[in-house]
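J.: Sharing a structure below in structure tokens format, with a few things to ask.
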Amino acid sequence: MAYQEVTKTSYGSRLGNSLRGIITGLILFVAATALLWWNEGRAVKTSKMLKDSAKECVDVADVSTVDPALNGKLIHATAVAKTDEILTDPDYGVSVNAIRLVRNVEYYQWVENSSSETKDKVGGGQETVTTYTYSKQWVSSPVDSDSFHDPDYQGSNFVRTNVEDKTVTADKVDFGGYVLPKSMVGSIPDDTVVSLSQSYANGVDVFVVNNFIYYGEEPDTPAIGDVRVSFTQAAGGDASILAKVSGSTFEPYVHKNGKSLCVLTMGVRSMDQMYEAQKASNKFLTWILRIFGLLMVILALRMMFSIVVALLKVLPFLGNVAQVGINLVTGIIGTVWTLLVILVAWVVWRPVVAIVLAVIICLLVGMLIAKSKSAPAAAPEAAPAAPATPAETPKTDAE
């Protein structure tokens with residue numbers, strides 16, 4: 001059954017929170033503006049680095065032996081990433097020939113979930129009803145149930161054994177005749193499950209099920225406190241790189257603008273494919289940060305204007321109307337400000353593009369104005385004609 005708590009906030013406290021929100025909003029606004037500005041510069045520099053480095057990059061067909069002539073050059077190459085080392089988990093004795101061996105531990109625990117509903121009260125106060133529910137889940141670390149809000153669930157969690165996650169990495173990983181640096185070894189995924197035999201079930205209520213070392217009485221029906229341990233490995237295989245040769249190993253290529261390039265991708269990838277992937281990644285990150293920056297700006301403006309809503313919350317209806325209006329206004333202002341920051345950044349980082357866009361916009365505006373002036377004015381409605389009167393017959397001299 002769900003457990004609920006009711007929290008009441010006075011009108012004065014809400015005003016105080018809103019006043020503090022103005023300061024926080026101002027700081028957030030400055031941070032969001034800085035993020036938008038930095039992002040445009042980062043995108044241009046990265047794009048420039050990729051363009052220039054592609055002209056320098058040497059496509060090497062065979063790296064089976066170290067070639068002194070390649071030292072100091074940026075290269076693209078494909079080879080097998082592998083190691084001769086046998087990695088062993090120090091606690092369980094699991095051994096594999098792999099680049100990386102990872103121990104993953106999960107605990108079956110009660111987990112607290114919450115949802116809140118807030119209502120405004122006449123007079124400016126606020127009442128928040130928080131509902132807490134509890135569910136059993138596999139989690140990566142033990143959950144402290146002593147801090148649960150429902151007394152019936154406090155102290156309900158325990159674990160049968162405490163086991164830590166652990167990673168063992170090979171000291172030397174070969175790439176043809178070269179050795180991969182640690183930074184590139186980290187790009188090799190450890191997504192291959194290690195098969196476990198029953199020999200690891202070496203205790204009471206310890207089982208090996210579906211490649212898990214399971215601590216508990218019934219693996220098919222887990223109970224609170226049960227623990228399961230699994231292992232994954234980075235087996236290596238075909239890989240492609242973009243990196244600068246440094247003796248018998250590799251290091252990042254650093255462009256004159258400070259941006260660097262050092263990439264390892266699993267599988268056989270051509271140089272063009274790798275560069276296209278890097279360009280797509282740069283564009284994706286640019287748009288993600290633009291959207292994030294826009295949302296930050298809008299949130300900051302709403303925090304800065306929240307005092308207006310708080311003042312009007314004496315009557316909830318007035319506060320709600322003000323909230324809708326402020327949401328609309330801050331959305332418009334936030335969007336305009338974001339576009340303005342990006343436009344000014346483009347003038348600095350992409351002046352040619354900015355000028356071209358400005359000319360196109362001016363031409364479009366000019367065409368619209370000219371078209372509106374040359375449009376024929378609507379003819380005014382003719383006034384209704386007066387009813388015709390019988391014409392007087394002119395008198396003749398004979399009459």
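The way I read the labels, and the way they are meant: chains A, B, ... in the order of the structure tokens, residue 1 as the first residue of every chain, and ligand 1 as the first ligand shown, with later ones counted on from there.
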Among region 8-255 of chain A, which ones does DSSP assign to strand (DSSP E or B) (computed from the backbone)? Answer as a VMD selection string.
T.: chain A and resid 8 to 9 58 to 59 74 to 82 86 to 88 95 to 97 100 to 120 126 to 139 166 to 169 174 to 175 178 to 179 192 to 193 206 to 209 212 to 215 227 to 234 237 to 246 249 to 251 253 to 254
J.: Give the helix (DSSP H, G or I) residues of region 9-205 of chain A, as DSSP finds them on the backbone, and put them as an NGL selection string.
T.: :A and (11-56 or 68-70 or 145-147 or 182-185 or 198-200)
J.: Could you state the separation of CA of Asn71 (chain A) and CA of Glu251 (chain A) in Å, given to one decimal place?
T.: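 Between these atoms lies a distance of 10.7 Å.
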J.: Find the spatial neighbours of Val159 (chain A), counting only C-alpha atoms, within a cut-off of 10 Å - ignore same-chain residues fewer than 4 positions away - and output them as a CSV table (one decimal) with C-alpha atoms, in the first residue's frame.
T.:
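Final output, selection-v1.csv:
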chain,number,residue,atom,x,y,z
A,107,TYR,CA,21.7,-6.9,-5.5
A,108,TYR,CA,18.0,-7.7,-5.1
A,109,GLN,CA,16.6,-4.8,-3.0
A,141,SER,CA,24.7,-1.4,-5.1
A,142,PRO,CA,22.9,-2.0,-1.8
A,143,VAL,CA,20.0,0.3,-1.0
A,163,VAL,CA,31.0,-8.0,-3.5
A,215,TYR,CA,23.9,-16.1,-3.8
A,216,GLY,CA,20.5,-17.1,-2.6
A,224,ILE,CA,15.5,-9.6,-0.8
A,225,GLY,CA,19.2,-9.9,-0.1
A,226,ASP,CA,20.1,-12.2,-3.0
A,227,VAL,CA,23.2,-11.3,-4.9
J.: Need the shell around Lys51 (chain A): protein/DNA/RNA residues with any atom at most 12 Å away, counting only C-alpha atoms. Skip same-chain ones fewer than 6 positions apart. Format as a ChimeraX atom specification?
T.: /A:44-45,57,255,259,261,272,275-276,278-279
J.: Only N, CA and C atoms, please: the residues just picked out, written as a JSON list (two decimals), in the first residue's frame.
T.:
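Result file is again.json:
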[["chain", "number", "residue", "atom", "x", "y", "z"],
["A", 44, "VAL", "N", 32.77, 24.85, -34.67],
["A", 44, "VAL", "CA", 33.55, 25.36, -35.80],
["A", 44, "VAL", "C", 34.99, 24.85, -35.74],
["A", 45, "LYS", "N", 35.59, 24.89, -34.55],
["A", 45, "LYS", "CA", 36.97, 24.42, -34.40],
["A", 45, "LYS", "C", 37.08, 22.93, -34.72],
["A", 57, "CYS", "N", 45.91, 13.19, -43.40],
["A", 57, "CYS", "CA", 45.85, 11.79, -42.96],
["A", 57, "CYS", "C", 46.38, 10.84, -44.04],
["A", 255, "HIS", "N", 45.37, 19.72, -33.58],
["A", 255, "HIS", "CA", 45.32, 20.77, -34.58],
["A", 255, "HIS", "C", 45.85, 22.07, -33.98],
["A", 259, "LYS", "N", 42.08, 21.58, -31.00],
["A", 259, "LYS", "CA", 41.22, 20.40, -31.05],
["A", 259, "LYS", "C", 42.04, 19.17, -31.44],
["A", 261, "LEU", "N", 42.35, 14.73, -32.21],
["A", 261, "LEU", "CA", 41.71, 13.59, -32.86],
["A", 261, "LEU", "C", 42.48, 12.33, -32.51],
["A", 272, "ASP", "N", 37.26, 7.47, -45.11],
["A", 272, "ASP", "CA", 36.11, 8.34, -45.38],
["A", 272, "ASP", "C", 34.97, 8.04, -44.42],
["A", 275, "TYR", "N", 35.78, 9.55, -41.00],
["A", 275, "TYR", "CA", 35.65, 11.01, -40.96],
["A", 275, "TYR", "C", 34.18, 11.44, -41.03],
["A", 276, "GLU", "N", 33.40, 10.76, -41.83],
["A", 276, "GLU", "CA", 31.98, 11.09, -41.90],
["A", 276, "GLU", "C", 31.30, 10.85, -40.55],
["A", 278, "GLN", "N", 32.75, 11.09, -37.64],
["A", 278, "GLN", "CA", 33.18, 12.16, -36.74],
["A", 278, "GLN", "C", 32.44, 13.46, -37.03],
["A", 279, "LYS", "N", 32.19, 13.75, -38.31],
["A", 279, "LYS", "CA", 31.43, 14.95, -38.68],
["A", 279, "LYS", "C", 29.99, 14.86, -38.17]]
J.: Using only C-alpha atoms, what table do you get, as a Markdown table, when you list each residue of region 106-155 of chain A with an atom no more than 10 Å from region 317-321 of chain A, its nearest pair of atoms, and their distance in Å rounded to one decimal, rows by chain then rising number?
T.:
| residue | atom | partner | partner_atom | distance |
| --- | --- | --- | --- | --- |
| A:Asp120 | CA | A:Gly319 | CA | 9.0 |
| A:Val122 | CA | A:Phe317 | CA | 9.2 |
| A:Gly124 | CA | A:Gly319 | CA | 9.1 |
J.: My list of candidates is A:Ala223, A:Val348, A:Val94, A:Ala2. Which is closest to Trp37 (chain A) when distances are computed with only C-alpha atoms?
T.: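 Among A:Ala223, A:Val348, A:Val94, A:Ala2, it is A:Val348 that comes nearest to Trp37 (chain A).
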